[in-house]
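The structure appears right after this line, and notes come after that.
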There are 2 protein chains.
Amino acid sequence: MAKKKLDQTTEEKILAAARKVFIRDGMAGARMQDIADEAGMNKALLHYYFRNKEKLFETIFKEATIDFLPRMNAIFESDIPLFEKIEIFCREYIAQISKNPFIPLFLLSEMNKKPERFLNKMWGGQKIEVSKFAEQIQREVKKGTIKPIHPLHLIMNLFGMCVFPFIGKTMIHFMTGISQAQFDEMMEQRKSIIPAFIIDAIKK
Amino acid sequence: MAKKKLDQTTEEKILAAARKVFIRDGMAGARMQDIADEAGMNKALLHYYFRNKEKLFETIFKEATIDFLPRMNAIFESDIPLFEKIEIFCREYIAQISKNPFIPLFLLSEMNKKPERFLNKMWGGQKIEVSKFAEQIQREVKKGTIKPIHPLHLIMNLFGMCVFPFIGKTMIHFMTGISQAQFDEMMEQRKSIIPAFIIDAIKK
DNA sequence: ATTTATTTTAACCATTTGGTTAAAAAAATT
DNA sequence: AATTTTTTTAACCAAATGGTTAAAATAAAT
């Protein structure tokens, strides 16, 4: 009885601050004090709302993935023709990640450091399910509609082209001197350029 | 004077240990004690040979890039025909990275956290120089030997396909249940699959 | 062999960091 | 208005961590 948030302030503020600091500095580099400062409040508040750093991190980590996975799986498992599916995936993936461009690097980096963290605890058995998609590719190969290619190679190519610009963002800015606006425009273009590229590569 | 290393022990041991720990845990997550333990020696030794953590980190960070950059630039700046150049790059890049598969994620992650670190101090103005390569692509487009494509998009595609498997390794293992040996074999295949894929995609 | 320079160690130190506590302030309930 | 519950804070604590120091062990030079 009695404890419904009417407005959405403190807890939300903490999460927003934690999100920012964790994604910027990683679990190891993030300081509780920094998160408190960023949220404009006392450090003890963080411990009051989330028991400890680990718990707070888990919340952010989950949040960054959990509602992203089903969305991608829905695409992969759907009954759409291959070429169209590739188009939809690129468009959706890039649109989604563009909202939080640093998520992939954060995720893969943390994942790499403590694979168990999410392998056991984080995602309750959930994961990106590519088997249906792989089968679809294999079927098309057998039908002879596309050139022979190992499904996993095609999937790696697809993922690689979509995600690399986000992961390599800093390096790209450094190498090319491209502006943020130009980067955003390129990513907008890539929604259609990548599928076109792939289809040109595999269609017979 | 008198101080030439005849054998190559302590300093080498420190570097090997630091390399391992830094690449695994990142700058923020790495503990000097862990490095000392890994090297089988006292913590003060690390400070004797390298003044502090930052200095030790810089050494590892440089080491992980400095002799890699010129090698890649040499390829990009060389006078080889486009398709052949793409083949050579993929083969060399994958071969090189396969020796230290965790370097890219380590690098991009740290780069992302403190861009100034290497932007100013680390690489003395050095960087991957893709402008020559970009011009070459543009020339081929104008000549009409390949389909129209913005050079940077093609470069992103190239990099993405080459580097993604290494960066996403943990996630790939998790998603597909592939073994280490299988992964290595796939990367071996990708040395020729990626160039073939790209050439199929852009050739007229 | 003695002295000198180099390498390695154990014991400490100062700061940072995650986390606690007890009390004040603010809301909600009576 | 009084009381109870929830939210927020300041002050503090213990452990961890980067770093220092002075002395011991080892190797080099005389």
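Residues in the structure tokens are named by chain (A, B, ... in the order shown) and by number from 1 within that chain; ligands are numbered from 1 in the order shown.
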Spatial neighbours of Arg31 of chain B, 9 Å, only C-alpha atoms (C1' of nucleotides), chain gap at least 4 places, as a list in words: Val21, Phe22, Asp25, Met27, Ile35, Ala36 and Lys53 of chain B; DT17 and DG18 of chain D
Those residues you just picked out, can you put them in a file as a PDB file, in the first residue's frame with C-alpha atoms (C1' of nucleotides)?
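Result written to out_3.pdb:
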ATOM      1  CA  VAL B  21      45.562  -7.856 -18.245  1.00  0.00           C
ATOM      2  CA  PHE B  22      44.995  -4.524 -20.006  1.00  0.00           C
ATOM      3  CA  ASP B  25      40.141  -5.724 -18.355  1.00  0.00           C
ATOM      4  CA  MET B  27      42.672   0.528 -18.529  1.00  0.00           C
ATOM      5  CA  ILE B  35      49.704  -7.508 -13.605  1.00  0.00           C
ATOM      6  CA  ALA B  36      52.365  -8.137 -10.977  1.00  0.00           C
ATOM      7  CA  LYS B  53      49.939   2.739 -14.601  1.00  0.00           C
TER       8      LYS B  53
ATOM      9  C1'  DT D  17      44.296   0.633  -5.116  1.00  0.00           C
ATOM     10  C1'  DG D  18      48.082   3.364  -7.114  1.00  0.00           C
TER      11       DG D  18
END
List every residue of segment 33-73 of chain A that DSSP, applied to the backbone of this structure, assigns to helix (DSSP H, G or I), and report them as a short mmCIF file (atom, residue, chain, number, x, y, z; two decimals) with C-alpha atoms, in the first residue's frame.
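Final output, result-v2.cif:
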data_model
loop_
_atom_site.label_atom_id
_atom_site.label_comp_id
_atom_site.auth_asym_id
_atom_site.auth_seq_id
_atom_site.Cartn_x
_atom_site.Cartn_y
_atom_site.Cartn_z
CA GLN A 33 30.07 9.70 -7.29
CA ASP A 34 30.06 10.70 -10.96
CA ILE A 35 26.63 9.20 -11.41
CA ALA A 36 25.39 11.04 -8.33
CA ASP A 37 26.86 14.32 -9.57
CA GLU A 38 25.41 13.78 -13.03
CA ALA A 39 22.01 13.19 -11.44
CA LYS A 43 25.56 9.32 -3.51
CA ALA A 44 23.56 7.55 -0.85
CA LEU A 45 20.47 8.02 -2.97
CA LEU A 46 21.86 5.64 -5.53
CA HIS A 47 22.27 2.99 -2.87
CA TYR A 48 18.81 3.69 -1.57
CA TYR A 49 17.17 3.09 -4.96
CA LYS A 53 26.82 -0.59 -8.26
CA GLU A 54 26.42 -4.08 -9.72
CA LYS A 55 22.62 -3.90 -9.44
CA LEU A 56 22.52 -0.47 -11.01
CA PHE A 57 24.78 -1.64 -13.79
CA GLU A 58 22.65 -4.68 -14.45
CA THR A 59 19.60 -2.48 -14.75
CA ILE A 60 21.28 -0.32 -17.37
CA PHE A 61 22.75 -3.29 -19.17
CA LYS A 62 19.44 -5.08 -19.37
CA GLU A 63 17.60 -1.95 -20.40
CA ALA A 64 20.11 -1.51 -23.24
CA THR A 65 19.43 -4.94 -24.66
CA LEU A 69 16.51 -8.43 -28.85
CA PRO A 70 12.86 -9.35 -29.46
CA ARG A 71 12.59 -6.63 -32.07
CA MET A 72 15.51 -8.06 -34.04
CA ASN A 73 14.37 -11.63 -33.55
#
Exercise: segment 94-98 of chain B partners within 7 Å, only C-alpha atoms (C1' of nucleotides), chain neighbours under 3 positions left out, as number ranges by chain: B: 90-91, 101, 162, 191
Atom CA of Pro104 of chain B to atom CA of Gly160 of chain A, straight-line distance in Å: 13.3 Å
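Coordinates place atom CA of Ile88 of chain B at a distance of 22.5 Å from atom CA of Leu105 of chain B.
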Listing only residues of chain A within 9 Å of chain B, what is the closest atom pair and its distance in Å (to one decimal) for each, using only C-alpha atoms, sorted by chain and residue number ascending, as JSON lines?
{"residue": "A:Arg24", "atom": "CA", "partner": "B:Lys113", "partner_atom": "CA", "distance": 6.3}
{"residue": "A:Asp25", "atom": "CA", "partner": "B:Lys113", "partner_atom": "CA", "distance": 6.2}
{"residue": "A:Gly26", "atom": "CA", "partner": "B:Ala28", "partner_atom": "CA", "distance": 8.4}
{"residue": "A:Met27", "atom": "CA", "partner": "B:Gly29", "partner_atom": "CA", "distance": 8.3}
{"residue": "A:Ala28", "atom": "CA", "partner": "B:Gly29", "partner_atom": "CA", "distance": 5.0}
{"residue": "A:Gly29", "atom": "CA", "partner": "B:Ala28", "partner_atom": "CA", "distance": 4.9}
{"residue": "A:Ala30", "atom": "CA", "partner": "B:Ala28", "partner_atom": "CA", "distance": 8.7}
{"residue": "A:Leu105", "atom": "CA", "partner": "B:Ser109", "partner_atom": "CA", "distance": 6.7}
{"residue": "A:Phe106", "atom": "CA", "partner": "B:Ser109", "partner_atom": "CA", "distance": 7.8}
{"residue": "A:Leu108", "atom": "CA", "partner": "B:Gly168", "partner_atom": "CA", "distance": 6.4}
{"residue": "A:Ser109", "atom": "CA", "partner": "B:Leu105", "partner_atom": "CA", "distance": 6.7}
{"residue": "A:Met111", "atom": "CA", "partner": "B:Thr170", "partner_atom": "CA", "distance": 7.1}
{"residue": "A:Asn112", "atom": "CA", "partner": "B:Thr170", "partner_atom": "CA", "distance": 6.0}
{"residue": "A:Lys113", "atom": "CA", "partner": "B:Asp25", "partner_atom": "CA", "distance": 6.2}
{"residue": "A:Pro115", "atom": "CA", "partner": "B:Thr170", "partner_atom": "CA", "distance": 7.3}
{"residue": "A:Leu119", "atom": "CA", "partner": "B:Phe174", "partner_atom": "CA", "distance": 7.9}
{"residue": "A:Lys127", "atom": "CA", "partner": "B:Met175", "partner_atom": "CA", "distance": 6.7}
{"residue": "A:Ile128", "atom": "CA", "partner": "B:Met175", "partner_atom": "CA", "distance": 6.4}
{"residue": "A:Glu129", "atom": "CA", "partner": "B:Met175", "partner_atom": "CA", "distance": 7.0}
{"residue": "A:Val130", "atom": "CA", "partner": "B:Met175", "partner_atom": "CA", "distance": 7.6}
{"residue": "A:Ser131", "atom": "CA", "partner": "B:Thr176", "partner_atom": "CA", "distance": 8.1}
{"residue": "A:Ile149", "atom": "CA", "partner": "B:Ile193", "partner_atom": "CA", "distance": 8.7}
{"residue": "A:Leu152", "atom": "CA", "partner": "B:Thr176", "partner_atom": "CA", "distance": 8.8}
{"residue": "A:His153", "atom": "CA", "partner": "B:Arg190", "partner_atom": "CA", "distance": 7.7}
{"residue": "A:Met156", "atom": "CA", "partner": "B:Pro165", "partner_atom": "CA", "distance": 6.7}
{"residue": "A:Asn157", "atom": "CA", "partner": "B:Met161", "partner_atom": "CA", "distance": 5.0}
{"residue": "A:Leu158", "atom": "CA", "partner": "B:Met161", "partner_atom": "CA", "distance": 7.9}
{"residue": "A:Phe159", "atom": "CA", "partner": "B:Phe164", "partner_atom": "CA", "distance": 7.5}
{"residue": "A:Gly160", "atom": "CA", "partner": "B:Gly160", "partner_atom": "CA", "distance": 4.4}
{"residue": "A:Met161", "atom": "CA", "partner": "B:Gly160", "partner_atom": "CA", "distance": 4.8}
{"residue": "A:Cys162", "atom": "CA", "partner": "B:Gly160", "partner_atom": "CA", "distance": 7.7}
{"residue": "A:Val163", "atom": "CA", "partner": "B:Gly160", "partner_atom": "CA", "distance": 7.4}
{"residue": "A:Phe164", "atom": "CA", "partner": "B:Gly160", "partner_atom": "CA", "distance": 4.9}
{"residue": "A:Pro165", "atom": "CA", "partner": "B:Met156", "partner_atom": "CA", "distance": 6.7}
{"residue": "A:Ile167", "atom": "CA", "partner": "B:Leu108", "partner_atom": "CA", "distance": 7.1}
{"residue": "A:Gly168", "atom": "CA", "partner": "B:Leu108", "partner_atom": "CA", "distance": 6.4}
{"residue": "A:Lys169", "atom": "CA", "partner": "B:Asn112", "partner_atom": "CA", "distance": 8.2}
{"residue": "A:Thr170", "atom": "CA", "partner": "B:Asn112", "partner_atom": "CA", "distance": 6.0}
{"residue": "A:Met171", "atom": "CA", "partner": "B:Leu108", "partner_atom": "CA", "distance": 7.4}
{"residue": "A:Ile172", "atom": "CA", "partner": "B:Met156", "partner_atom": "CA", "distance": 8.9}
{"residue": "A:Phe174", "atom": "CA", "partner": "B:Leu119", "partner_atom": "CA", "distance": 7.8}
{"residue": "A:Met175", "atom": "CA", "partner": "B:Ile128", "partner_atom": "CA", "distance": 6.4}
{"residue": "A:Thr176", "atom": "CA", "partner": "B:Val130", "partner_atom": "CA", "distance": 8.0}
{"residue": "A:Met186", "atom": "CA", "partner": "B:His153", "partner_atom": "CA", "distance": 7.9}
{"residue": "A:Arg190", "atom": "CA", "partner": "B:His153", "partner_atom": "CA", "distance": 7.7}
{"residue": "A:Ile193", "atom": "CA", "partner": "B:His153", "partner_atom": "CA", "distance": 8.1}
{"residue": "A:Ile194", "atom": "CA", "partner": "B:Asn157", "partner_atom": "CA", "distance": 8.1}
{"residue": "A:Ala196", "atom": "CA", "partner": "B:Ala201", "partner_atom": "CA", "distance": 8.4}
{"residue": "A:Phe197", "atom": "CA", "partner": "B:Ala201", "partner_atom": "CA", "distance": 5.5}
{"residue": "A:Ile198", "atom": "CA", "partner": "B:Ala201", "partner_atom": "CA", "distance": 6.6}
{"residue": "A:Ile199", "atom": "CA", "partner": "B:Ala201", "partner_atom": "CA", "distance": 7.5}
{"residue": "A:Asp200", "atom": "CA", "partner": "B:Ala201", "partner_atom": "CA", "distance": 4.6}
{"residue": "A:Ala201", "atom": "CA", "partner": "B:Ala201", "partner_atom": "CA", "distance": 3.9}
{"residue": "A:Ile202", "atom": "CA", "partner": "B:Asp200", "partner_atom": "CA", "distance": 7.4}
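Distance check against chain B using only C-alpha atoms (C1' of nucleotides): of D:DA22, D:DA14, D:DT8, D:DA28, the minimum falls on D:DA28.
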Coordinates-based distance that separates atom CA of Glu92 of chain A from atom CA of Arg19 of chain A (Å, one decimal): 22.3 Å
